[in-house]
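The structure file data.pdb is reproduced below (PDB, N, CA and C atoms and all ligand atoms).
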```
ATOM      1  N   MET A  23     -80.304   8.357 124.405
ATOM      2  CA  MET A  23     -79.191   8.621 125.350
ATOM      3  C   MET A  23     -78.873  10.109 125.377
ATOM      4  N   PRO A  24     -78.830  10.698 126.580
ATOM      5  CA  PRO A  24     -78.534  12.139 126.639
ATOM      6  C   PRO A  24     -77.146  12.452 126.079
ATOM      7  N   GLU A  25     -77.064  13.604 125.492
ATOM      8  CA  GLU A  25     -75.815  14.019 124.851
ATOM      9  C   GLU A  25     -74.641  14.024 125.835
ATOM     10  N   SER A  26     -74.911  14.401 127.103
ATOM     11  CA  SER A  26     -73.828  14.516 128.082
ATOM     12  C   SER A  26     -73.189  13.159 128.382
ATOM     13  N   VAL A  27     -74.024  12.103 128.466
ATOM     14  CA  VAL A  27     -73.502  10.763 128.727
ATOM     15  C   VAL A  27     -72.580  10.357 127.580
ATOM     16  N   HIS A  28     -73.070  10.613 126.385
ATOM     17  CA  HIS A  28     -72.306  10.306 125.184
ATOM     18  C   HIS A  28     -70.937  10.959 125.235
ATOM     19  N   GLN A  29     -70.955  12.201 125.661
ATOM     20  CA  GLN A  29     -69.723  12.980 125.724
ATOM     21  C   GLN A  29     -68.746  12.423 126.760
ATOM     22  N   ILE A  30     -69.306  12.054 127.926
ATOM     23  CA  ILE A  30     -68.466  11.501 128.995
ATOM     24  C   ILE A  30     -67.826  10.191 128.544
ATOM     25  N   VAL A  31     -68.623   9.346 127.900
ATOM     26  CA  VAL A  31     -68.110   8.063 127.435
ATOM     27  C   VAL A  31     -67.030   8.283 126.369
ATOM     28  N   ASN A  32     -67.283   9.220 125.493
ATOM     29  CA  ASN A  32     -66.284   9.557 124.476
ATOM     30  C   ASN A  32     -64.965   9.981 125.101
ATOM     31  N   GLU A  33     -65.077  10.790 126.156
ATOM     32  CA  GLU A  33     -63.873  11.247 126.848
ATOM     33  C   GLU A  33     -63.136  10.080 127.499
ATOM     34  N   ARG A  34     -63.906   9.186 128.117
ATOM     35  CA  ARG A  34     -63.287   8.028 128.778
ATOM     36  C   ARG A  34     -62.568   7.153 127.759
ATOM     37  N   ILE A  35     -63.177   6.992 126.608
ATOM     38  CA  ILE A  35     -62.549   6.195 125.553
ATOM     39  C   ILE A  35     -61.233   6.841 125.129
ATOM     40  N   ALA A  36     -61.260   8.161 124.981
ATOM     41  CA  ALA A  36     -60.049   8.878 124.586
ATOM     42  C   ALA A  36     -58.957   8.716 125.648
ATOM     43  N   ILE A  37     -59.354   8.780 126.922
ATOM     44  CA  ILE A  37     -58.388   8.623 128.017
ATOM     45  C   ILE A  37     -57.791   7.215 128.006
ATOM     46  N   LEU A  38     -58.667   6.223 127.867
ATOM     47  CA  LEU A  38     -58.204   4.832 127.861
ATOM     48  C   LEU A  38     -57.235   4.573 126.701
ATOM     49  N   LEU A  39     -57.575   5.119 125.538
ATOM     50  CA  LEU A  39     -56.690   4.905 124.398
ATOM     51  C   LEU A  39     -55.371   5.656 124.566
ATOM     52  N   GLY A  40     -55.440   6.788 125.260
ATOM     53  CA  GLY A  40     -54.221   7.529 125.562
ATOM     54  C   GLY A  40     -53.300   6.713 126.467
ATOM     55  N   LEU A  41     -53.905   6.064 127.465
ATOM     56  CA  LEU A  41     -53.141   5.214 128.376
ATOM     57  C   LEU A  41     -52.579   4.003 127.625
ATOM     58  N   ALA A  42     -53.391   3.476 126.728
ATOM     59  CA  ALA A  42     -52.948   2.328 125.932
ATOM     60  C   ALA A  42     -51.721   2.712 125.116
ATOM     61  N   GLU A  43     -51.744   3.919 124.573
ATOM     62  CA  GLU A  43     -50.627   4.402 123.761
ATOM     63  C   GLU A  43     -49.363   4.538 124.610
ATOM     64  N   LYS A  44     -49.533   5.105 125.806
ATOM     65  CA  LYS A  44     -48.395   5.318 126.694
ATOM     66  C   LYS A  44     -47.752   4.011 127.128
ATOM     67  N   ASN A  45     -48.564   2.986 127.317
ATOM     68  CA  ASN A  45     -48.080   1.717 127.852
ATOM     69  C   ASN A  45     -47.764   0.676 126.783
ATOM     70  N   ALA A  46     -47.969   1.043 125.522
ATOM     71  CA  ALA A  46     -47.829   0.070 124.434
ATOM     72  C   ALA A  46     -46.457  -0.602 124.427
ATOM     73  N   LYS A  47     -45.423   0.174 124.679
ATOM     74  CA  LYS A  47     -44.068  -0.390 124.628
ATOM     75  C   LYS A  47     -43.633  -0.994 125.954
ATOM     76  N   GLY A  48     -43.836  -0.254 127.047
ATOM     77  CA  GLY A  48     -43.356  -0.692 128.345
ATOM     78  C   GLY A  48     -44.202  -1.786 128.992
ATOM     79  N   HIS A  49     -45.506  -1.696 128.815
ATOM     80  CA  HIS A  49     -46.413  -2.653 129.457
ATOM     81  C   HIS A  49     -47.469  -3.118 128.456
ATOM     82  N   PRO A  50     -47.065  -3.942 127.514
ATOM     83  CA  PRO A  50     -47.989  -4.335 126.436
ATOM     84  C   PRO A  50     -49.305  -4.942 126.939
ATOM     85  N   LYS A  51     -49.234  -5.750 127.983
ATOM     86  CA  LYS A  51     -50.464  -6.388 128.471
ATOM     87  C   LYS A  51     -51.431  -5.380 129.052
ATOM     88  N   ARG A  52     -50.886  -4.423 129.795
ATOM     89  CA  ARG A  52     -51.712  -3.378 130.363
ATOM     90  C   ARG A  52     -52.348  -2.565 129.225
ATOM     91  N   SER A  53     -51.529  -2.286 128.239
ATOM     92  CA  SER A  53     -51.987  -1.514 127.099
ATOM     93  C   SER A  53     -53.159  -2.209 126.389
ATOM     94  N   MET A  54     -53.043  -3.522 126.216
ATOM     95  CA  MET A  54     -54.102  -4.285 125.554
ATOM     96  C   MET A  54     -55.392  -4.253 126.362
ATOM     97  N   ARG A  55     -55.236  -4.244 127.681
ATOM     98  CA  ARG A  55     -56.394  -4.183 128.563
ATOM     99  C   ARG A  55     -57.118  -2.837 128.402
ATOM    100  N   TYR A  56     -56.348  -1.768 128.272
ATOM    101  CA  TYR A  56     -56.960  -0.454 128.079
ATOM    102  C   TYR A  56     -57.748  -0.397 126.773
ATOM    103  N   VAL A  57     -57.168  -0.975 125.745
ATOM    104  CA  VAL A  57     -57.863  -0.995 124.449
ATOM    105  C   VAL A  57     -59.151  -1.803 124.581
ATOM    106  N   GLU A  58     -59.049  -2.929 125.279
ATOM    107  CA  GLU A  58     -60.219  -3.779 125.460
ATOM    108  C   GLU A  58     -61.342  -3.013 126.174
ATOM    109  N   LEU A  59     -60.974  -2.288 127.226
ATOM    110  CA  LEU A  59     -61.972  -1.529 127.974
ATOM    111  C   LEU A  59     -62.602  -0.442 127.108
ATOM    112  N   ALA A  60     -61.777   0.231 126.335
ATOM    113  CA  ALA A  60     -62.274   1.291 125.459
ATOM    114  C   ALA A  60     -63.259   0.712 124.441
ATOM    115  N   ARG A  61     -62.919  -0.446 123.901
ATOM    116  CA  ARG A  61     -63.789  -1.061 122.900
ATOM    117  C   ARG A  61     -65.110  -1.523 123.515
ATOM    118  N   LYS A  62     -65.040  -2.009 124.754
ATOM    119  CA  LYS A  62     -66.270  -2.444 125.431
ATOM    120  C   LYS A  62     -67.195  -1.266 125.672
ATOM    121  N   LEU A  63     -66.604  -0.148 126.088
ATOM    122  CA  LEU A  63     -67.393   1.062 126.301
ATOM    123  C   LEU A  63     -68.050   1.498 124.998
ATOM    124  N   ALA A  64     -67.270   1.494 123.941
ATOM    125  CA  ALA A  64     -67.778   1.921 122.635
ATOM    126  C   ALA A  64     -68.931   1.021 122.198
ATOM    127  N   MET A  65     -68.781  -0.263 122.467
ATOM    128  CA  MET A  65     -69.816  -1.211 122.069
ATOM    129  C   MET A  65     -71.086  -0.994 122.875
ATOM    130  N   ARG A  66     -70.895  -0.863 124.188
ATOM    131  CA  ARG A  66     -72.054  -0.722 125.058
ATOM    132  C   ARG A  66     -72.851   0.535 124.735
ATOM    133  N   TYR A  67     -72.154   1.605 124.428
ATOM    134  CA  TYR A  67     -72.843   2.861 124.157
ATOM    135  C   TYR A  67     -72.987   3.140 122.671
ATOM    136  N   ARG A  68     -72.671   2.134 121.894
ATOM    137  CA  ARG A  68     -72.780   2.232 120.429
ATOM    138  C   ARG A  68     -72.110   3.486 119.889
ATOM    139  N   ILE A  69     -70.881   3.650 120.319
ATOM    140  CA  ILE A  69     -70.113   4.783 119.832
ATOM    141  C   ILE A  69     -69.224   4.312 118.694
ATOM    142  N   ARG A  70     -69.254   5.031 117.623
ATOM    143  CA  ARG A  70     -68.413   4.674 116.479
ATOM    144  C   ARG A  70     -67.000   5.159 116.719
ATOM    145  N   LEU A  71     -66.065   4.261 116.549
ATOM    146  CA  LEU A  71     -64.681   4.643 116.804
ATOM    147  C   LEU A  71     -64.053   5.382 115.626
ATOM    148  N   GLY A  72     -64.654   5.241 114.469
ATOM    149  CA  GLY A  72     -64.177   5.976 113.293
ATOM    150  C   GLY A  72     -62.689   5.838 113.063
ATOM    151  N   LYS A  73     -62.016   6.980 113.071
ATOM    152  CA  LYS A  73     -60.574   6.998 112.792
ATOM    153  C   LYS A  73     -59.760   6.250 113.847
ATOM    154  N   LEU A  74     -60.315   6.146 115.036
ATOM    155  CA  LEU A  74     -59.586   5.457 116.106
ATOM    156  C   LEU A  74     -59.371   3.978 115.805
ATOM    157  N   LYS A  75     -60.178   3.457 114.909
ATOM    158  CA  LYS A  75     -60.056   2.049 114.539
ATOM    159  C   LYS A  75     -58.668   1.686 114.042
ATOM    160  N   ARG A  76     -58.015   2.639 113.419
ATOM    161  CA  ARG A  76     -56.698   2.344 112.862
ATOM    162  C   ARG A  76     -55.584   2.442 113.902
ATOM    163  N   LYS A  77     -55.972   2.606 115.137
ATOM    164  CA  LYS A  77     -54.979   2.754 116.210
ATOM    165  C   LYS A  77     -54.670   1.433 116.907
ATOM    166  N   PHE A  78     -55.526   0.440 116.700
ATOM    167  CA  PHE A  78     -55.290  -0.814 117.420
ATOM    168  C   PHE A  78     -55.752  -2.010 116.600
ATOM    169  N   CYS A  79     -55.339  -3.181 117.060
ATOM    170  CA  CYS A  79     -55.691  -4.417 116.371
ATOM    171  C   CYS A  79     -57.033  -4.925 116.865
ATOM    172  N   ARG A  80     -57.879  -5.287 115.924
ATOM    173  CA  ARG A  80     -59.204  -5.768 116.295
ATOM    174  C   ARG A  80     -59.161  -7.181 116.874
ATOM    175  N   LYS A  81     -58.090  -7.857 116.555
ATOM    176  CA  LYS A  81     -58.005  -9.247 116.977
ATOM    177  C   LYS A  81     -57.400  -9.384 118.382
ATOM    178  N   CYS A  82     -56.282  -8.698 118.609
ATOM    179  CA  CYS A  82     -55.575  -8.918 119.877
ATOM    180  C   CYS A  82     -55.586  -7.697 120.796
ATOM    181  N   ASN A  83     -56.201  -6.583 120.342
ATOM    182  CA  ASN A  83     -56.283  -5.357 121.147
ATOM    183  C   ASN A  83     -54.953  -4.647 121.386
ATOM    184  N   ARG A  84     -53.927  -4.985 120.624
ATOM    185  CA  ARG A  84     -52.670  -4.245 120.753
ATOM    186  C   ARG A  84     -52.868  -2.821 120.262
ATOM    187  N   PHE A  85     -52.348  -1.870 121.040
ATOM    188  CA  PHE A  85     -52.323  -0.502 120.536
ATOM    189  C   PHE A  85     -51.139  -0.406 119.594
ATOM    190  N   TRP A  86     -51.410  -0.021 118.361
ATOM    191  CA  TRP A  86     -50.357  -0.069 117.355
ATOM    192  C   TRP A  86     -49.357   1.076 117.447
ATOM    193  N   VAL A  87     -48.095   0.692 117.490
ATOM    194  CA  VAL A  87     -47.009   1.645 117.391
ATOM    195  C   VAL A  87     -46.225   1.239 116.137
ATOM    196  N   PRO A  88     -46.371   1.989 115.057
ATOM    197  CA  PRO A  88     -45.707   1.606 113.806
ATOM    198  C   PRO A  88     -44.212   1.392 114.004
ATOM    199  N   GLY A  89     -43.713   0.310 113.464
ATOM    200  CA  GLY A  89     -42.294   0.001 113.597
ATOM    201  C   GLY A  89     -41.978  -0.764 114.865
ATOM    202  N   PHE A  90     -42.939  -0.853 115.752
ATOM    203  CA  PHE A  90     -42.725  -1.579 117.002
ATOM    204  C   PHE A  90     -43.536  -2.879 117.024
ATOM    205  N   ASN A  91     -44.841  -2.750 116.914
ATOM    206  CA  ASN A  91     -45.662  -3.964 116.927
ATOM    207  C   ASN A  91     -46.580  -4.090 115.717
ATOM    208  N   VAL A  92     -46.397  -3.191 114.774
ATOM    209  CA  VAL A  92     -47.203  -3.264 113.556
ATOM    210  C   VAL A  92     -46.376  -2.774 112.363
ATOM    211  N   LYS A  93     -46.549  -3.471 111.234
ATOM    212  CA  LYS A  93     -45.906  -3.019 110.009
ATOM    213  C   LYS A  93     -46.963  -2.292 109.199
ATOM    214  N   VAL A  94     -46.608  -1.106 108.747
ATOM    215  CA  VAL A  94     -47.555  -0.316 107.974
ATOM    216  C   VAL A  94     -47.044  -0.184 106.549
ATOM    217  N   ARG A  95     -47.860  -0.582 105.608
ATOM    218  CA  ARG A  95     -47.465  -0.483 104.207
ATOM    219  C   ARG A  95     -48.565   0.171 103.386
ATOM    220  N   LEU A  96     -48.167   1.048 102.499
ATOM    221  CA  LEU A  96     -49.148   1.681 101.629
ATOM    222  C   LEU A  96     -49.450   0.774 100.444
ATOM    223  N   VAL A  97     -50.709   0.714 100.086
ATOM    224  CA  VAL A  97     -51.119   0.006  98.874
ATOM    225  C   VAL A  97     -51.812   1.043  97.986
ATOM    226  N   PRO A  98     -50.977   1.841  97.261
ATOM    227  CA  PRO A  98     -51.518   2.996  96.548
ATOM    228  C   PRO A  98     -52.598   2.625  95.521
ATOM    229  N   ARG A  99     -52.440   1.465  94.927
ATOM    230  CA  ARG A  99     -53.399   1.064  93.901
ATOM    231  C   ARG A  99     -54.816   0.976  94.483
ATOM    232  N   LYS A 100     -54.887   0.544  95.705
ATOM    233  CA  LYS A 100     -56.192   0.386  96.356
ATOM    234  C   LYS A 100     -56.569   1.610  97.190
ATOM    235  N   GLY A 101     -55.611   2.531  97.349
ATOM    236  CA  GLY A 101     -55.886   3.677  98.206
ATOM    237  C   GLY A 101     -56.009   3.248  99.656
ATOM    238  N   LYS A 102     -55.288   2.197  99.989
ATOM    239  CA  LYS A 102     -55.404   1.661 101.340
ATOM    240  C   LYS A 102     -54.045   1.468 101.996
ATOM    241  N   VAL A 103     -54.089   1.338 103.303
ATOM    242  CA  VAL A 103     -52.894   1.037 104.069
ATOM    243  C   VAL A 103     -53.062  -0.357 104.651
ATOM    244  N   LEU A 104     -52.012  -1.137 104.546
ATOM    245  CA  LEU A 104     -52.052  -2.460 105.137
ATOM    246  C   LEU A 104     -51.342  -2.423 106.492
ATOM    247  N   TYR A 105     -52.068  -2.800 107.530
ATOM    248  CA  TYR A 105     -51.496  -2.891 108.865
ATOM    249  C   TYR A 105     -51.293  -4.368 109.173
ATOM    250  N   GLU A 106     -50.052  -4.735 109.394
ATOM    251  CA  GLU A 106     -49.770  -6.123 109.720
ATOM    252  C   GLU A 106     -49.338  -6.186 111.179
ATOM    253  N   CYS A 107     -50.232  -6.686 111.988
ATOM    254  CA  CYS A 107     -50.001  -6.716 113.434
ATOM    255  C   CYS A 107     -49.038  -7.828 113.821
ATOM    256  N   GLU A 108     -48.424  -7.637 114.960
ATOM    257  CA  GLU A 108     -47.512  -8.620 115.525
ATOM    258  C   GLU A 108     -48.195  -9.983 115.714
ATOM    259  N   CYS A 109     -49.495  -9.978 115.962
ATOM    260  CA  CYS A 109     -50.220 -11.227 116.199
ATOM    261  C   CYS A 109     -50.500 -11.970 114.902
ATOM    262  N   GLY A 110     -50.183 -11.341 113.764
ATOM    263  CA  GLY A 110     -50.389 -12.005 112.488
ATOM    264  C   GLY A 110     -51.625 -11.532 111.757
ATOM    265  N   SER A 111     -52.432 -10.737 112.431
ATOM    266  CA  SER A 111     -53.651 -10.263 111.784
ATOM    267  C   SER A 111     -53.349  -9.093 110.839
ATOM    268  N   LYS A 112     -54.048  -9.076 109.717
ATOM    269  CA  LYS A 112     -53.847  -8.014 108.743
ATOM    270  C   LYS A 112     -55.112  -7.201 108.585
ATOM    271  N   ALA A 113     -54.931  -5.890 108.482
ATOM    272  CA  ALA A 113     -56.091  -5.029 108.292
ATOM    273  C   ALA A 113     -55.801  -4.030 107.188
ATOM    274  N   TYR A 114     -56.741  -3.893 106.290
ATOM    275  CA  TYR A 114     -56.638  -2.864 105.256
ATOM    276  C   TYR A 114     -57.502  -1.692 105.663
ATOM    277  N   LEU A 115     -56.896  -0.519 105.693
ATOM    278  CA  LEU A 115     -57.678   0.658 106.029
ATOM    279  C   LEU A 115     -57.473   1.717 104.952
ATOM    280  N   ILE A 116     -58.553   2.434 104.681
ATOM    281  CA  ILE A 116     -58.485   3.469 103.653
ATOM    282  C   ILE A 116     -57.686   4.658 104.165
ATOM    283  N   TYR A 117     -56.783   5.173 103.371
ATOM    284  CA  TYR A 117     -56.004   6.300 103.877
ATOM    285  C   TYR A 117     -56.334   7.608 103.183
ATOM    286  N   LYS A 118     -57.030   7.564 102.066
ATOM    287  CA  LYS A 118     -57.318   8.813 101.358
ATOM    288  C   LYS A 118     -58.175   9.733 102.198
ATOM    289  N   GLY A 119     -57.622  10.921 102.468
ATOM    290  CA  GLY A 119     -58.357  11.897 103.256
ATOM    291  C   GLY A 119     -58.496  11.498 104.709
ATOM    292  N   ALA A 120     -57.582  10.637 105.168
ATOM    293  CA  ALA A 120     -57.711  10.118 106.525
ATOM    294  C   ALA A 120     -56.971  10.963 107.561
ATOM    295  N   GLY A 121     -56.394  12.062 107.164
ATOM    296  CA  GLY A 121     -55.723  12.913 108.131
ATOM    297  C   GLY A 121     -54.236  12.683 108.192
ATOM    298  N   ARG A 122     -53.674  12.930 109.389
ATOM    299  CA  ARG A 122     -52.214  12.966 109.480
ATOM    300  C   ARG A 122     -51.550  11.606 109.369
ATOM    301  N   GLN A 123     -52.131  10.585 109.999
ATOM    302  CA  GLN A 123     -51.433   9.300 109.995
ATOM    303  C   GLN A 123     -51.892   8.439 108.832
ATOM    304  N   ALA A 124     -50.970   8.157 107.929
ATOM    305  CA  ALA A 124     -51.324   7.319 106.780
ATOM    306  C   ALA A 124     -50.403   6.116 106.728
TER     307      ALA A 124
HETATM  308 ZN    ZN B 201     -53.059  -8.120 116.570
END
```
Transcribe the structure of this file into structure tokens.
Amino acid sequence: MPESVHQIVNERIAILLGLAEKNAKGHPKRSMRYVELARKLAMRYRIRLGKLKRKFCRKCNRFWVPGFNVKVRLVPRKGKVLYECECGSKAYLIYKGAGRQA
């Protein structure tokens, strides 16, 4: 795959996730659709979402807004963060060296 295509798809994913973030509170269904589209693009072009994975729920596609639709708890012993989504799904993500959002 040419590098330029990869780049364009990456940009589209970033845009879609940005829209998902903006609509997470006001239009949750629309927001979930944006996440779904971003994930489909990533899958089709085999793009690794990396850090973006901790931005949404893998089960219901909700874009996570801490304190709104997801509970975030640190599990220092494991060096992980527990994300408890509104849909009931739980995800453990590593936070050590993960950047600004822990
Ligand atoms: Zn969920």
Apply the PyMOL selection byres (((chain A and resi 82) around 8) and not hetatm) to the displayed file and report the matching residues as a CSV table (one decimal) with N, CA and C atoms, in the frame of the given file.
```
chain,number,residue,atom,x,y,z
A,54,MET,N,-53.0,-3.5,126.2
A,54,MET,CA,-54.1,-4.3,125.6
A,54,MET,C,-55.4,-4.3,126.4
A,55,ARG,N,-55.2,-4.2,127.7
A,55,ARG,CA,-56.4,-4.2,128.6
A,55,ARG,C,-57.1,-2.8,128.4
A,57,VAL,N,-57.2,-1.0,125.7
A,57,VAL,CA,-57.9,-1.0,124.4
A,57,VAL,C,-59.2,-1.8,124.6
A,58,GLU,N,-59.0,-2.9,125.3
A,58,GLU,CA,-60.2,-3.8,125.5
A,58,GLU,C,-61.3,-3.0,126.2
A,78,PHE,N,-55.5,0.4,116.7
A,78,PHE,CA,-55.3,-0.8,117.4
A,78,PHE,C,-55.8,-2.0,116.6
A,79,CYS,N,-55.3,-3.2,117.1
A,79,CYS,CA,-55.7,-4.4,116.4
A,79,CYS,C,-57.0,-4.9,116.9
A,80,ARG,N,-57.9,-5.3,115.9
A,80,ARG,CA,-59.2,-5.8,116.3
A,80,ARG,C,-59.2,-7.2,116.9
A,81,LYS,N,-58.1,-7.9,116.6
A,81,LYS,CA,-58.0,-9.2,117.0
A,81,LYS,C,-57.4,-9.4,118.4
A,83,ASN,N,-56.2,-6.6,120.3
A,83,ASN,CA,-56.3,-5.4,121.1
A,83,ASN,C,-55.0,-4.6,121.4
A,84,ARG,N,-53.9,-5.0,120.6
A,84,ARG,CA,-52.7,-4.2,120.8
A,84,ARG,C,-52.9,-2.8,120.3
A,85,PHE,N,-52.3,-1.9,121.0
A,85,PHE,CA,-52.3,-0.5,120.5
A,85,PHE,C,-51.1,-0.4,119.6
A,109,CYS,N,-49.5,-10.0,116.0
A,109,CYS,CA,-50.2,-11.2,116.2
A,109,CYS,C,-50.5,-12.0,114.9
A,111,SER,N,-52.4,-10.7,112.4
A,111,SER,CA,-53.7,-10.3,111.8
A,111,SER,C,-53.3,-9.1,110.8
```
message: Expand the PyMOL selection byres (((chain A and resi 31 and name CA) around 12) and not hetatm and name CA) into the explicit residue set it covers here, and present it as an MDAnalysis selection string.
response: chainID A and resid 23:30 32:38 59:71
Preceding selection exported with N, CA and C atoms as an mmCIF file, keeping the file's coordinate frame:
```
data_model
loop_
_atom_site.group_PDB
_atom_site.id
_atom_site.type_symbol
_atom_site.label_atom_id
_atom_site.label_comp_id
_atom_site.auth_asym_id
_atom_site.auth_seq_id
_atom_site.Cartn_x
_atom_site.Cartn_y
_atom_site.Cartn_z
ATOM 1 N N MET A 23 -80.304 8.357 124.405
ATOM 2 C CA MET A 23 -79.191 8.621 125.350
ATOM 3 C C MET A 23 -78.873 10.109 125.377
ATOM 4 N N PRO A 24 -78.830 10.698 126.580
ATOM 5 C CA PRO A 24 -78.534 12.139 126.639
ATOM 6 C C PRO A 24 -77.146 12.452 126.079
ATOM 7 N N GLU A 25 -77.064 13.604 125.492
ATOM 8 C CA GLU A 25 -75.815 14.019 124.851
ATOM 9 C C GLU A 25 -74.641 14.024 125.835
ATOM 10 N N SER A 26 -74.911 14.401 127.103
ATOM 11 C CA SER A 26 -73.828 14.516 128.082
ATOM 12 C C SER A 26 -73.189 13.159 128.382
ATOM 13 N N VAL A 27 -74.024 12.103 128.466
ATOM 14 C CA VAL A 27 -73.502 10.763 128.727
ATOM 15 C C VAL A 27 -72.580 10.357 127.580
ATOM 16 N N HIS A 28 -73.070 10.613 126.385
ATOM 17 C CA HIS A 28 -72.306 10.306 125.184
ATOM 18 C C HIS A 28 -70.937 10.959 125.235
ATOM 19 N N GLN A 29 -70.955 12.201 125.661
ATOM 20 C CA GLN A 29 -69.723 12.980 125.724
ATOM 21 C C GLN A 29 -68.746 12.423 126.760
ATOM 22 N N ILE A 30 -69.306 12.054 127.926
ATOM 23 C CA ILE A 30 -68.466 11.501 128.995
ATOM 24 C C ILE A 30 -67.826 10.191 128.544
ATOM 25 N N ASN A 32 -67.283 9.220 125.493
ATOM 26 C CA ASN A 32 -66.284 9.557 124.476
ATOM 27 C C ASN A 32 -64.965 9.981 125.101
ATOM 28 N N GLU A 33 -65.077 10.790 126.156
ATOM 29 C CA GLU A 33 -63.873 11.247 126.848
ATOM 30 C C GLU A 33 -63.136 10.080 127.499
ATOM 31 N N ARG A 34 -63.906 9.186 128.117
ATOM 32 C CA ARG A 34 -63.287 8.028 128.778
ATOM 33 C C ARG A 34 -62.568 7.153 127.759
ATOM 34 N N ILE A 35 -63.177 6.992 126.608
ATOM 35 C CA ILE A 35 -62.549 6.195 125.553
ATOM 36 C C ILE A 35 -61.233 6.841 125.129
ATOM 37 N N ALA A 36 -61.260 8.161 124.981
ATOM 38 C CA ALA A 36 -60.049 8.878 124.586
ATOM 39 C C ALA A 36 -58.957 8.716 125.648
ATOM 40 N N ILE A 37 -59.354 8.780 126.922
ATOM 41 C CA ILE A 37 -58.388 8.623 128.017
ATOM 42 C C ILE A 37 -57.791 7.215 128.006
ATOM 43 N N LEU A 38 -58.667 6.223 127.867
ATOM 44 C CA LEU A 38 -58.204 4.832 127.861
ATOM 45 C C LEU A 38 -57.235 4.573 126.701
ATOM 46 N N LEU A 59 -60.974 -2.288 127.226
ATOM 47 C CA LEU A 59 -61.972 -1.529 127.974
ATOM 48 C C LEU A 59 -62.602 -0.442 127.108
ATOM 49 N N ALA A 60 -61.777 0.231 126.335
ATOM 50 C CA ALA A 60 -62.274 1.291 125.459
ATOM 51 C C ALA A 60 -63.259 0.712 124.441
ATOM 52 N N ARG A 61 -62.919 -0.446 123.901
ATOM 53 C CA ARG A 61 -63.789 -1.061 122.900
ATOM 54 C C ARG A 61 -65.110 -1.523 123.515
ATOM 55 N N LYS A 62 -65.040 -2.009 124.754
ATOM 56 C CA LYS A 62 -66.270 -2.444 125.431
ATOM 57 C C LYS A 62 -67.195 -1.266 125.672
ATOM 58 N N LEU A 63 -66.604 -0.148 126.088
ATOM 59 C CA LEU A 63 -67.393 1.062 126.301
ATOM 60 C C LEU A 63 -68.050 1.498 124.998
ATOM 61 N N ALA A 64 -67.270 1.494 123.941
ATOM 62 C CA ALA A 64 -67.778 1.921 122.635
ATOM 63 C C ALA A 64 -68.931 1.021 122.198
ATOM 64 N N MET A 65 -68.781 -0.263 122.467
ATOM 65 C CA MET A 65 -69.816 -1.211 122.069
ATOM 66 C C MET A 65 -71.086 -0.994 122.875
ATOM 67 N N ARG A 66 -70.895 -0.863 124.188
ATOM 68 C CA ARG A 66 -72.054 -0.722 125.058
ATOM 69 C C ARG A 66 -72.851 0.535 124.735
ATOM 70 N N TYR A 67 -72.154 1.605 124.428
ATOM 71 C CA TYR A 67 -72.843 2.861 124.157
ATOM 72 C C TYR A 67 -72.987 3.140 122.671
ATOM 73 N N ARG A 68 -72.671 2.134 121.894
ATOM 74 C CA ARG A 68 -72.780 2.232 120.429
ATOM 75 C C ARG A 68 -72.110 3.486 119.889
ATOM 76 N N ILE A 69 -70.881 3.650 120.319
ATOM 77 C CA ILE A 69 -70.113 4.783 119.832
ATOM 78 C C ILE A 69 -69.224 4.312 118.694
ATOM 79 N N ARG A 70 -69.254 5.031 117.623
ATOM 80 C CA ARG A 70 -68.413 4.674 116.479
ATOM 81 C C ARG A 70 -67.000 5.159 116.719
ATOM 82 N N LEU A 71 -66.065 4.261 116.549
ATOM 83 C CA LEU A 71 -64.681 4.643 116.804
ATOM 84 C C LEU A 71 -64.053 5.382 115.626
#
```
Atom CA of Lys93 of chain A to atom CA of Ala46 of chain A, straight-line distance in Å: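 Atom CA of Ala46 of chain A sits 14.9 Å away from atom CA of Lys93 of chain A.
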message: From a backbone DSSP assignment, name each residue in chain A labelled helix (DSSP H, G or I), as number ranges by chain.
response: A: 25-45, 50-66, 72-77
Within-7 Å shell of (-50.1, -2.9, 109.5) in input frame, only C-alpha atoms, as a VMD selection string: chain A and resid 92 to 95 104 to 107 112 to 113
